[in-house]
>>> print(open('work-v1.cif').read())   # mmCIF, C-alpha atoms
data_upload
loop_
_atom_site.label_atom_id
_atom_site.label_comp_id
_atom_site.auth_asym_id
_atom_site.auth_seq_id
_atom_site.Cartn_x
_atom_site.Cartn_y
_atom_site.Cartn_z
CA MET A 1 0.00 0.00 0.00
CA LYS A 2 1.15 3.48 -0.81
CA THR A 3 1.27 5.80 2.17
CA HIS A 4 0.69 8.93 0.10
CA LEU A 5 -1.57 9.97 -2.76
CA SER A 6 -0.47 12.18 -5.64
CA ILE A 7 -2.32 15.25 -6.88
CA THR A 8 -3.40 13.30 -9.96
CA GLU A 9 -4.82 10.49 -7.82
CA ILE A 10 -6.74 12.89 -5.58
CA ALA A 11 -8.05 14.74 -8.64
CA LYS A 12 -9.35 11.43 -9.96
CA LEU A 13 -10.92 10.46 -6.61
CA THR A 14 -12.63 13.79 -6.14
CA ASN A 15 -13.50 14.38 -9.79
CA LYS A 16 -11.75 17.74 -9.78
CA GLU A 17 -9.03 19.35 -11.87
CA ARG A 18 -5.43 18.95 -10.72
CA SER A 19 -5.20 22.72 -10.33
CA THR A 20 -8.09 22.63 -7.83
CA VAL A 21 -6.35 19.97 -5.77
CA VAL A 22 -3.08 21.94 -5.83
CA ARG A 23 -5.00 24.95 -4.53
CA TRP A 24 -6.42 22.83 -1.70
CA VAL A 25 -2.96 21.56 -0.84
CA LYS A 26 -1.51 25.07 -0.79
CA SER A 27 -4.32 26.38 1.40
CA GLY A 28 -3.63 23.62 3.92
CA GLU A 29 -6.80 21.56 3.42
CA PHE A 30 -4.84 18.33 3.86
CA GLY A 31 -2.49 19.55 6.60
CA ASP A 32 1.18 18.70 6.17
CA VAL A 33 2.07 17.30 2.75
CA ARG A 34 5.40 16.19 1.39
CA LYS A 35 7.01 17.28 -1.83
CA VAL A 36 8.96 14.74 -3.89
CA GLY A 37 10.70 16.58 -6.72
CA ASN A 38 8.03 18.77 -8.18
CA GLU A 39 5.10 16.68 -7.02
CA TYR A 40 3.03 17.18 -3.86
CA GLN A 41 2.08 14.00 -2.02
CA VAL A 42 -0.70 13.87 0.56
CA PRO A 43 -0.61 11.29 3.37
CA ILE A 44 -3.46 8.87 2.74
CA ASP A 45 -4.71 9.34 6.31
CA SER A 46 -4.94 13.11 5.84
CA PHE A 47 -6.92 12.50 2.67
CA LYS A 48 -9.26 10.21 4.58
CA LYS A 49 -9.83 12.77 7.33
CA TRP A 50 -10.54 15.42 4.73
CA TRP A 51 -12.91 13.05 2.87
CA ASP A 52 -14.82 12.23 6.05
CA LYS A 53 -15.13 15.93 6.84
CA MET A 54 -16.43 16.64 3.34
CA THR A 55 -18.96 13.82 3.26
CA ASN A 56 -20.29 14.85 6.68
CA LYS A 57 -20.52 18.45 5.57
CA GLU A 58 -22.45 17.54 2.44
CA ASN A 59 -24.62 15.15 4.39
CA PRO A 60 -25.05 13.05 1.25
CA LYS A 61 -28.34 11.38 0.56
CA ASP A 62 -28.42 7.74 -0.34
CA LYS A 63 -27.28 7.78 -3.94
CA SER A 64 -28.84 4.49 -4.93
CA MET B 1 -13.62 -26.49 12.31
CA LYS B 2 -13.29 -26.05 8.58
CA ASP B 3 -12.41 -22.71 7.05
CA ALA B 4 -15.10 -20.93 5.07
CA LYS B 5 -15.24 -21.32 1.32
CA ILE B 6 -14.70 -17.92 -0.24
CA ILE B 7 -16.89 -17.32 -3.26
CA SER B 8 -16.29 -14.28 -5.39
CA PHE B 9 -18.93 -12.94 -7.75
CA SER B 10 -16.68 -11.56 -10.43
CA ILE B 11 -16.70 -10.22 -13.95
CA PHE B 12 -14.91 -7.10 -15.12
CA LYS B 13 -17.99 -5.84 -16.92
CA GLY B 14 -20.46 -3.84 -14.81
CA GLY B 15 -24.19 -4.31 -14.47
CA THR B 16 -24.36 -8.06 -15.04
CA GLY B 17 -25.92 -9.03 -11.71
CA LYS B 18 -22.94 -9.43 -9.37
CA THR B 19 -24.56 -7.60 -6.47
CA THR B 20 -28.04 -9.09 -6.87
CA SER B 21 -26.53 -12.56 -7.11
CA ALA B 22 -24.19 -12.15 -4.14
CA VAL B 23 -26.91 -10.68 -1.90
CA ASN B 24 -29.50 -13.33 -2.74
CA ALA B 25 -27.05 -16.22 -2.61
CA ALA B 26 -25.99 -15.01 0.86
CA THR B 27 -29.64 -14.83 1.91
CA ALA B 28 -30.40 -18.32 0.57
CA LEU B 29 -27.34 -19.90 2.20
CA ALA B 30 -28.26 -18.26 5.51
CA GLN B 31 -31.83 -19.56 5.18
CA MET B 32 -30.36 -23.05 4.73
CA GLY B 33 -28.74 -22.63 8.14
CA HIS B 34 -25.18 -21.85 7.09
CA LYS B 35 -22.97 -19.26 8.69
CA VAL B 36 -22.45 -16.64 6.00
CA LEU B 37 -20.51 -13.41 5.60
CA LEU B 38 -21.00 -11.07 2.66
CA VAL B 39 -18.15 -8.68 1.88
CA ASP B 40 -19.02 -5.65 -0.22
CA LEU B 41 -15.74 -4.78 -1.93
CA ASP B 42 -17.27 -2.17 -4.21
CA GLN B 43 -16.82 1.57 -3.64
CA GLN B 44 -20.40 2.05 -4.88
CA ALA B 45 -21.46 -0.10 -1.89
CA SER B 46 -24.47 -1.40 -3.82
CA ALA B 47 -24.70 -4.64 -1.82
CA THR B 48 -24.68 -2.62 1.41
CA ARG B 49 -27.43 -0.32 0.14
CA HIS B 50 -29.32 -3.35 -1.14
CA LEU B 51 -29.56 -4.45 2.50
CA GLY B 52 -30.99 -1.09 3.53
CA ILE B 53 -27.77 0.09 5.18
CA ASP B 54 -26.22 3.53 4.58
CA PRO B 55 -22.51 2.70 4.19
CA GLU B 56 -20.95 6.12 4.59
CA PRO B 57 -21.15 6.74 8.37
CA ILE B 58 -19.94 3.24 9.21
CA THR B 59 -16.59 2.99 10.91
CA PRO B 60 -14.31 1.14 11.04
CA ASN B 61 -14.80 0.31 7.38
CA LEU B 62 -12.81 -1.48 4.68
CA TYR B 63 -10.53 1.53 4.33
CA ASP B 64 -9.45 1.16 7.98
CA ILE B 65 -8.83 -2.51 7.35
CA PHE B 66 -6.63 -1.91 4.30
CA VAL B 67 -4.54 0.73 6.10
CA ARG B 68 -4.31 -1.77 8.97
CA ARG B 69 -5.93 0.48 11.50
CA SER B 70 -8.57 -2.11 12.29
CA PRO B 71 -8.91 -5.87 12.04
CA ILE B 72 -11.65 -7.01 9.68
CA GLY B 73 -13.57 -8.58 12.55
CA LEU B 74 -14.51 -5.14 13.87
CA ALA B 75 -15.91 -4.01 10.51
CA ARG B 76 -18.52 -6.73 10.22
CA ARG B 77 -22.06 -6.32 11.40
CA LYS B 78 -25.12 -8.51 11.61
CA THR B 79 -27.89 -8.02 9.07
CA GLN B 80 -31.53 -8.85 9.69
CA TYR B 81 -31.32 -11.55 7.03
CA GLY B 82 -29.32 -14.08 8.99
CA PHE B 83 -25.86 -13.31 7.68
CA ASP B 84 -23.06 -10.89 8.51
CA LEU B 85 -21.88 -8.05 6.29
CA VAL B 86 -18.64 -6.17 5.86
CA PRO B 87 -20.04 -3.02 4.23
CA GLY B 88 -18.61 -1.25 1.21
CA HIS B 89 -17.51 2.38 1.38
CA SER B 90 -16.74 5.19 -1.05
CA LEU B 91 -13.20 5.30 0.38
CA LEU B 92 -12.51 1.99 -1.34
CA ALA B 93 -11.75 4.28 -4.29
CA ALA B 94 -8.80 5.61 -2.29
CA VAL B 95 -7.78 2.06 -1.38
CA GLU B 96 -7.85 1.17 -5.09
CA GLU B 97 -5.46 4.07 -5.80
CA ALA B 98 -3.18 3.14 -2.93
CA LEU B 99 -2.85 -0.56 -3.73
CA GLU B 100 0.35 -1.34 -5.59
CA PRO B 101 1.44 -4.39 -7.57
CA GLY B 102 2.29 -6.97 -4.94
CA ASP B 103 -0.69 -6.07 -2.75
CA GLU B 104 -3.05 -8.53 -4.47
CA GLY B 105 -2.86 -10.92 -1.51
CA LEU B 106 -3.70 -8.38 1.23
CA PHE B 107 -7.45 -8.98 1.14
CA LYS B 108 -6.93 -12.74 1.40
CA GLU B 109 -4.73 -12.14 4.42
CA PHE B 110 -7.43 -10.01 6.10
CA LEU B 111 -10.13 -12.59 5.42
CA SER B 112 -8.05 -15.42 6.83
CA GLY B 113 -8.55 -13.93 10.30
CA ILE B 114 -12.31 -14.53 10.21
CA GLN B 115 -12.46 -17.49 7.84
CA PRO B 116 -12.94 -20.01 10.68
CA ASP B 117 -16.08 -18.15 11.82
CA TYR B 118 -18.09 -18.96 8.69
CA ASP B 119 -19.17 -21.69 6.31
CA TYR B 120 -19.23 -19.31 3.36
CA ILE B 121 -17.77 -15.89 2.68
CA LEU B 122 -19.31 -14.29 -0.41
CA VAL B 123 -17.54 -11.37 -2.04
CA ASP B 124 -19.32 -8.81 -4.19
CA SER B 125 -16.43 -7.77 -6.40
CA PRO B 126 -16.19 -4.34 -8.01
CA PRO B 127 -16.22 -4.19 -11.81
CA GLY B 128 -13.12 -3.31 -13.83
CA LYS B 129 -9.81 -5.12 -14.11
CA ALA B 130 -8.41 -3.27 -11.12
CA MET B 131 -6.62 -4.15 -7.90
CA LEU B 132 -9.66 -4.79 -5.69
CA ALA B 133 -11.30 -7.02 -8.30
CA ILE B 134 -8.05 -8.97 -8.62
CA SER B 135 -7.78 -9.10 -4.81
CA ALA B 136 -11.19 -10.81 -4.72
CA LEU B 137 -10.05 -13.42 -7.25
CA THR B 138 -6.84 -13.93 -5.28
CA ALA B 139 -8.71 -14.53 -2.02
CA ALA B 140 -11.45 -16.73 -3.46
CA THR B 141 -11.63 -20.50 -3.39
CA HIS B 142 -14.36 -20.35 -6.03
CA VAL B 143 -15.68 -17.83 -8.52
CA VAL B 144 -19.20 -17.37 -9.88
CA ILE B 145 -19.32 -15.40 -13.14
CA PRO B 146 -22.68 -13.69 -13.71
CA LEU B 147 -23.35 -13.68 -17.45
CA GLN B 148 -25.85 -11.07 -18.53
CA ALA B 149 -27.76 -13.12 -21.09
CA GLN B 150 -27.85 -10.40 -23.68
CA ARG B 151 -25.75 -10.05 -26.75
CA PRO B 152 -22.37 -8.45 -26.01
CA ALA B 153 -22.00 -10.23 -22.68
CA LEU B 154 -20.04 -13.21 -24.03
CA ASP B 155 -17.02 -10.98 -24.58
CA GLY B 156 -17.00 -10.07 -20.88
CA THR B 157 -17.18 -13.72 -19.86
CA HIS B 158 -14.46 -14.65 -22.32
CA ASP B 159 -12.34 -11.82 -20.93
CA ILE B 160 -12.49 -12.93 -17.29
CA PHE B 161 -11.92 -16.58 -18.25
CA ARG B 162 -8.78 -15.61 -20.14
CA TYR B 163 -7.65 -13.49 -17.22
CA ILE B 164 -8.20 -16.30 -14.71
CA GLN B 165 -6.27 -18.74 -16.92
CA ASP B 166 -3.45 -16.42 -17.95
CA VAL B 167 -2.92 -14.34 -14.82
CA VAL B 168 -4.80 -15.45 -11.70
CA TRP B 169 -3.87 -19.14 -11.88
CA LYS B 170 -0.29 -18.32 -12.79
CA ASP B 171 0.49 -15.45 -10.45
CA PHE B 172 -2.03 -15.15 -7.63
CA ASN B 173 -4.24 -18.12 -6.93
CA ALA B 174 -3.50 -21.47 -8.55
CA ASP B 175 -6.29 -23.14 -6.55
CA LEU B 176 -9.15 -20.91 -7.71
CA LYS B 177 -12.02 -22.98 -9.07
CA VAL B 178 -14.62 -21.70 -11.48
CA LEU B 179 -17.84 -22.76 -9.80
CA GLY B 180 -19.77 -21.69 -12.83
CA ILE B 181 -21.23 -19.13 -15.15
CA LEU B 182 -24.61 -17.89 -13.95
CA PRO B 183 -26.95 -16.64 -16.69
CA THR B 184 -28.72 -13.52 -15.39
CA MET B 185 -31.25 -11.07 -16.79
CA VAL B 186 -32.65 -13.80 -18.99
CA ARG B 187 -35.53 -12.72 -21.21
CA ARG B 188 -37.99 -15.50 -21.79
CA LEU B 189 -39.60 -13.96 -24.83
CA GLY B 190 -37.84 -12.27 -27.69
CA GLY B 191 -34.38 -10.80 -27.29
CA HIS B 192 -31.19 -12.79 -27.59
CA SER B 193 -31.10 -14.62 -24.25
CA ALA B 194 -31.64 -18.16 -25.54
CA GLY B 195 -29.04 -17.63 -28.24
CA VAL B 196 -26.51 -16.20 -25.79
CA ILE B 197 -26.98 -19.07 -23.33
CA ASN B 198 -26.71 -21.69 -26.11
CA LYS B 199 -23.55 -20.08 -27.38
CA ALA B 200 -22.17 -19.96 -23.81
CA ARG B 201 -22.88 -23.71 -23.45
CA GLU B 202 -21.07 -24.35 -26.74
CA LEU B 203 -18.05 -22.43 -25.48
CA TRP B 204 -17.90 -23.44 -21.82
CA GLY B 205 -20.05 -26.58 -21.62
CA SER B 206 -21.07 -27.63 -18.13
CA LYS B 207 -19.39 -24.58 -16.63
CA VAL B 208 -22.63 -22.79 -17.50
CA LEU B 209 -24.85 -23.47 -14.49
CA PRO B 210 -28.20 -25.20 -15.12
CA ILE B 211 -30.13 -22.23 -13.76
CA GLU B 212 -31.35 -19.02 -15.30
CA VAL B 213 -32.12 -15.82 -13.40
CA PRO B 214 -34.82 -13.97 -15.31
CA GLU B 215 -34.94 -10.28 -16.01
CA THR B 216 -37.73 -8.97 -13.80
CA VAL B 217 -38.74 -5.84 -11.99
CA ILE B 218 -38.59 -7.77 -8.70
CA PHE B 219 -34.82 -7.24 -8.54
CA PRO B 220 -34.64 -3.45 -8.94
CA ARG B 221 -37.72 -3.10 -6.78
CA SER B 222 -36.21 -5.14 -3.95
CA PHE B 223 -33.05 -3.03 -4.25
CA ASP B 224 -35.12 0.14 -3.81
CA LYS B 225 -36.78 -1.38 -0.75
CA GLY B 226 -33.41 -2.28 0.75
CA LYS B 227 -34.19 -5.98 0.99
CA PRO B 228 -32.90 -9.09 -0.76
CA ALA B 229 -35.41 -10.21 -3.43
CA LEU B 230 -35.64 -13.55 -1.59
CA VAL B 231 -37.04 -11.67 1.40
CA PHE B 232 -38.95 -8.99 -0.47
CA SER B 233 -40.76 -11.46 -2.69
CA PRO B 234 -39.98 -15.00 -1.48
CA LYS B 235 -42.76 -16.70 -3.42
CA HIS B 236 -41.99 -15.13 -6.77
CA LYS B 237 -40.68 -17.72 -9.20
CA SER B 238 -37.99 -15.35 -10.47
CA VAL B 239 -36.13 -15.56 -7.17
CA LEU B 240 -36.09 -19.37 -7.00
CA PRO B 241 -32.93 -19.70 -9.12
CA TYR B 242 -31.03 -18.22 -6.17
CA LEU B 243 -32.18 -21.08 -3.96
CA GLU B 244 -30.82 -23.40 -6.65
CA LEU B 245 -27.57 -21.45 -6.74
CA ALA B 246 -27.22 -21.79 -2.97
CA LYS B 247 -27.69 -25.57 -3.29
CA ILE B 248 -25.04 -25.73 -5.99
CA ILE B 249 -22.66 -23.68 -3.84
CA HIS B 250 -23.30 -26.04 -0.95
CA GLU B 251 -22.86 -29.21 -3.01
CA LYS B 252 -19.95 -28.21 -5.23
CA THR B 253 -17.64 -26.35 -2.88
#
>>> encode(input="work-v1.cif", output="structure tokens")
Amino acid sequence: MKTHLSITEIAKLTNKERSTVVRWVKSGEFGDVRKVGNEYQVPIDSFKKWWDKMTNKENPKDKS
Amino acid sequence: MKDAKIISFSIFKGGTGKTTSAVNAATALAQMGHKVLLVDLDQQASATRHLGIDPEPITPNLYDIFVRRSPIGLARRKTQYGFDLVPGHSLLAAVEEALEPGDEGLFKEFLSGIQPDYDYILVDSPPGKAMLAISALTAATHVVIPLQAQRPALDGTHDIFRYIQDVVWKDFNADLKVLGILPTMVRRLGGHSAGVINKARELWGSKVLPIEVPETVIFPRSFDKGKPALVFSPKHKSVLPYLELAKIIHEKT
């Protein structure tokens, strides 16, 4: 298992543009991230916390 | 005590009846008195919703299991239909991204911890030739391939057969047995169903199970009601093939 997700992977998971995810990263949405070369990497646990926060905020209805 | 047989409902194509088949087979096996666990490995969590359970607030979930924050035993819950469920979750999409080549056996390893607790563990596999779907085939002792008995479906069946022969048996799970191909969404009148099933029998012989699940509104309706069709409409003749499937699972595994 990877411990970090790339910007591209998060963009795919959230259905957003890479530029949007980069903006989130820079504004600290995911807390501390690491940078490998030119690429930001978000700890998978931070992504999960953020995801949980988002889904609770949206209070999603059953999508079935 | 014997370890549970692990039966994966797998085909890379979507919408062929994996979830309906897994949910109703689990219900039928439980009604026969077996100890059954259903694992919903799909990020859409359709099997979980099919049982009237909202997957999202549930924790710990399969994500926590894959990042090893929780043992799988804590993620299972009882359903009102006589079997246990490990619910699906949208975060399985993140798990799919995080799994790397070499991680195909992780799911099998997690299941082994609770395998002695059950007679049968049924896995509703996600569609797509991706890591979680391959993890299900790696963990399984047997696979059921739901064949949507409409025209282009033979390609999908051919595809997963080739994959099992060329990749799964070679690299991940030499012991995996194909329990059978299950014709689903069979139209009695008109359409191509009879032709598709005949062609499937030509190609795969007795691997095509001697049962046919018809296309009927009972299945989507039971999904909307959050109940297995076998509970929602137990007397309807369209659901009887799942009792037959449960018998075959019991006899042939």
>>> resolve_selection(input="work-v1.cif", expression="the PyMOL selection byres ((chain A) within 8 of (chain B))", output="list in words")
Met1, Lys2, Thr3, His4, Leu5, Glu9, Leu13, Lys48, Asp62 and Ser64 of chain A
>>> resolve_selection(input="work-v1.cif", expression="the PyMOL selection byres ((chain B and resi 253) around 8)", output="ChimeraX atom specification")
/B:5,142,179,249-252
>>> atom_distance(input="work-v1.cif", atom1="CA of Lys16 (chain A)", atom2="CA of Asp42 (chain B)")
21.4 Å
>>> atom_distance(input="work-v1.cif", atom1="CA of Pro220 (chain B)", atom2="CA of Ala133 (chain B)")
23.6 Å
>>> atom_distance(input="work-v1.cif", atom1="CA of Leu111 (chain B)", atom2="CA of Lys78 (chain B)")
16.7 Å
>>> residues_around(input="work-v1.cif", residues="Val25 (chain A)", least_positions_apart="4", cutoff="10 Å", atoms="only C-alpha atoms", output="mmCIF file with C-alpha atoms, in the coordinates of the input")
data_model
loop_
_atom_site.group_PDB
_atom_site.id
_atom_site.type_symbol
_atom_site.label_atom_id
_atom_site.label_comp_id
_atom_site.auth_asym_id
_atom_site.auth_seq_id
_atom_site.Cartn_x
_atom_site.Cartn_y
_atom_site.Cartn_z
ATOM 1 C CA ILE A 7 -2.320 15.250 -6.880
ATOM 2 C CA SER A 19 -5.200 22.720 -10.330
ATOM 3 C CA THR A 20 -8.090 22.630 -7.830
ATOM 4 C CA VAL A 21 -6.350 19.970 -5.770
ATOM 5 C CA GLU A 29 -6.800 21.560 3.420
ATOM 6 C CA PHE A 30 -4.840 18.330 3.860
ATOM 7 C CA GLY A 31 -2.490 19.550 6.600
ATOM 8 C CA ASP A 32 1.180 18.700 6.170
ATOM 9 C CA VAL A 33 2.070 17.300 2.750
ATOM 10 C CA TYR A 40 3.030 17.180 -3.860
ATOM 11 C CA GLN A 41 2.080 14.000 -2.020
ATOM 12 C CA VAL A 42 -0.700 13.870 0.560
#
>>> resolve_selection(input="work-v1.cif", expression="the PyMOL selection byres ((chain B and resi 30) around 10)", output="PyMOL selection string")
chain B and resi 24-29+31-37+81-84+119-120+246
>>> closest_residue(input="work-v1.cif", among="B:Lys177, B:His192, B:Arg162, B:Lys199", to="Phe12 (chain B)", atoms="only C-alpha atoms")
B:Arg162
>>> axis_aligned_box(input="work-v1.cif", around="region 143-150 of chain B", padding_each_side="6 Å", output="AutoDock Vina command-line options")
--center_x -21.8 --center_y -14.1 --center_z -16.1 --size_x 24.2 --size_y 19.4 --size_z 27.2
